[in-house]
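**Student:** Okay, handing you the structure first.
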Amino acid sequence: MAWLQHIGLTTSNLKLSEKFYVENFGFKTIVEKEISARLMQEIFGYNSPAQLIFLKAEKGQEIELFHFPELKEAIPQIGKISHFTLAVDDHVKYFEKLKNSGCETIAAKKEDGGMVYFVKDPDGNLIELRDE
């Protein structure tokens with residue numbers, strides 16, 4: 001059984017988007033960090049570092065806000081969902097099962113040495129897999 005853990009949104013103004021979700025929906029800011037251009041290229045195909053803010057709702061759901069400050073002319077997917085995350089039992093095993101069934105997959109090494117796992121649906125939507 002899977003459940004929706006978070007949604008990633010690309011924003012044109014990171015702080016304005018954060019303020020919107022915090023003030024209007026009661027989300028709390030839980031993480032602010034920068035993601036390397038290498039990792040953004042490997043996962044999303046954007047050769048630019050990203051600023052990132054994670055927001056969390058009272059019931060646990062999260063919104064991951066991305067901003068690409070170096071992409072002034074061609075900001076990718078503003079107003080569109082960049083990916084969503086499904087929590088599953090044993091995400092690595094699930095990833096391997098999907099990969100072996102012929103699904104397009106991405107496994108990328110994070111800066112901290114950990115791995116992040118994605119699969120694409122038939123329309124190319126990016127789904128991150130995490131443990132439940």
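Chain lettering (A, B, ...) mirrors the order of the structure tokens, residue numbering begins at 1 for each chain separately, and ligand numbering begins at 1 in order of display.
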List the spatial neighbours of Arg38 in chain A as number ranges by chain - criterion: any atom at most 10 Å away, only C-alpha atoms, same-chain residues fewer than 2 positions off excluded.
**Tutor:** A: 35-36, 40-43, 45-49, 108-111
**Student:** When DSSP is applied to the backbone of this structure, which of range 15-92 of chain A are assigned strand (DSSP E or B)? Write them out as an NGL selection string.
**Tutor:** :A and (28-35 or 50-56 or 62-67 or 78 or 81-88)
**Student:** What does the distance between CA of Glu32 in chain A and CA of Lys15 in chain A come to in Å, to one decimal place?
**Tutor:**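 Pair CA of Glu32 in chain A / CA of Lys15 in chain A returns 10.8 Å.
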**Student:** Take CA of Val119 in chain A and CA of Lys33 in chain A and report the distance between them in Å, one decimal.
**Tutor:**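 Interatomic distance here is 24.0 Å.
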**Student:** Contacts of Thr105 in chain A at 10 Å or less, counting only C-alpha atoms, minus same-chain residues fewer than 5 places along, as an mmCIF file with C-alpha atoms, in the first residue's frame?
**Tutor:**
```cif
data_model
loop_
_atom_site.group_PDB
_atom_site.id
_atom_site.type_symbol
_atom_site.label_atom_id
_atom_site.label_comp_id
_atom_site.auth_asym_id
_atom_site.auth_seq_id
_atom_site.Cartn_x
_atom_site.Cartn_y
_atom_site.Cartn_z
ATOM 1 C CA ILE A 43 17.394 13.850 -11.631
ATOM 2 C CA PHE A 95 12.715 0.337 -7.336
ATOM 3 C CA GLU A 96 14.490 -2.837 -8.514
ATOM 4 C CA LEU A 98 10.023 -1.574 -11.377
ATOM 5 C CA LYS A 99 13.396 -1.333 -13.124
ATOM 6 C CA ASN A 100 13.347 -5.069 -13.918
ATOM 7 C CA TYR A 117 15.287 6.618 -6.361
ATOM 8 C CA PHE A 118 12.775 7.649 -9.027
ATOM 9 C CA VAL A 119 10.593 5.940 -11.611
ATOM 10 C CA LYS A 120 8.762 7.580 -14.510
ATOM 11 C CA ASP A 121 5.111 6.873 -15.198
ATOM 12 C CA LEU A 126 8.644 11.589 -12.008
ATOM 13 C CA ILE A 127 7.768 9.524 -8.921
ATOM 14 C CA GLU A 128 10.212 9.401 -6.027
#
```
**Student:** Find the spatial neighbours of Ser17 in chain A, counting only C-alpha atoms, within a cut-off of 12 Å - ignore same-chain residues fewer than 6 positions away - and output them as number ranges by chain.
**Tutor:** A: 9-11, 23-25, 27, 29, 52-55, 63-67, 78-79
**Student:** Output C-alpha atoms of each residue in that selection to a file, as a PDB file, in the first residue's frame.
**Tutor:**
```pdb
ATOM      1  CA  LEU A   9       6.903  22.424  -6.999  1.00  0.00           C
ATOM      2  CA  THR A  10       9.216  24.689  -9.001  1.00  0.00           C
ATOM      3  CA  THR A  11       8.709  28.334  -8.037  1.00  0.00           C
ATOM      4  CA  GLU A  23       0.234  31.828   6.012  1.00  0.00           C
ATOM      5  CA  ASN A  24      -2.687  30.364   4.075  1.00  0.00           C
ATOM      6  CA  PHE A  25      -2.504  26.676   4.911  1.00  0.00           C
ATOM      7  CA  PHE A  27       2.500  24.624   6.763  1.00  0.00           C
ATOM      8  CA  THR A  29       9.151  25.318   7.263  1.00  0.00           C
ATOM      9  CA  LEU A  52      15.006  24.135  -1.661  1.00  0.00           C
ATOM     10  CA  ILE A  53      12.488  24.622   1.132  1.00  0.00           C
ATOM     11  CA  PHE A  54      10.535  21.734   2.665  1.00  0.00           C
ATOM     12  CA  LEU A  55       7.180  22.621   4.226  1.00  0.00           C
ATOM     13  CA  ILE A  63       5.559  20.347  -0.126  1.00  0.00           C
ATOM     14  CA  GLU A  64       9.073  20.650  -1.526  1.00  0.00           C
ATOM     15  CA  LEU A  65       9.605  24.089  -3.085  1.00  0.00           C
ATOM     16  CA  PHE A  66      12.394  24.439  -5.670  1.00  0.00           C
ATOM     17  CA  HIS A  67      13.912  27.615  -7.063  1.00  0.00           C
ATOM     18  CA  ILE A  78       7.015  27.029 -12.915  1.00  0.00           C
ATOM     19  CA  GLY A  79       3.564  26.281 -11.598  1.00  0.00           C
TER      20      GLY A  79
END
```
**Student:** Could you jot down the CA of Tyr21 in chain A to CA of Lys56 in chain A separation for me, Å, one decimal place?
**Tutor:**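 That distance, rounded to one decimal, is 9.5 Å.
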**Student:** Between A:Asn125, A:Ser101, A:Gln61, A:Val31, which residue has the minimum interatomic distance to Lys80 in chain A, considering only C-alpha atoms?
**Tutor:**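 Closest to Lys80 in chain A of all the choices is A:Asn125.
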**Student:** Between A:Ala2, A:Ala50, A:Ile30, A:Ile81, which is the closest to Leu14 in chain A once you count only C-alpha atoms?
**Tutor:** A:Ala50
**Student:** Which one is closest to His91 in chain A: A:Lys28, A:His6, A:Lys59, A:Arg130? Count only C-alpha atoms.
**Tutor:**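 Ranked by minimum distance to His91 in chain A, first place goes to A:Arg130.
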**Student:** Write out as a PyMOL selection string all residues of range 14-52 of chain A that backbone DSSP assigns to alpha helix (DSSP H).
**Tutor:** chain A and resi 14-25+37-44
**Student:** Would you please work out which residue, of A:Thr85, A:Glu62, A:Lys97, A:Glu104, is nearest to Trp3 in chain A when using only C-alpha atoms?
**Tutor:**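 Looking only at the distances to Trp3 in chain A, the closest residue turns out to be A:Thr85.
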**Student:** With distances taken over only C-alpha atoms, which of A:Ala57, A:Ser12, A:Glu34, A:Leu86 is nearest to Leu71 in chain A?
**Tutor:**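 Residue with the minimum atom-to-atom distance to Leu71 in chain A: A:Ser12.
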**Student:** Between A:Glu58, A:Ala87, A:Gln5, A:Asn13, which one has atoms that come closest to Gly26 in chain A, using only C-alpha atoms?
**Tutor:**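 Smallest distance to Gly26 in chain A is found for A:Glu58.
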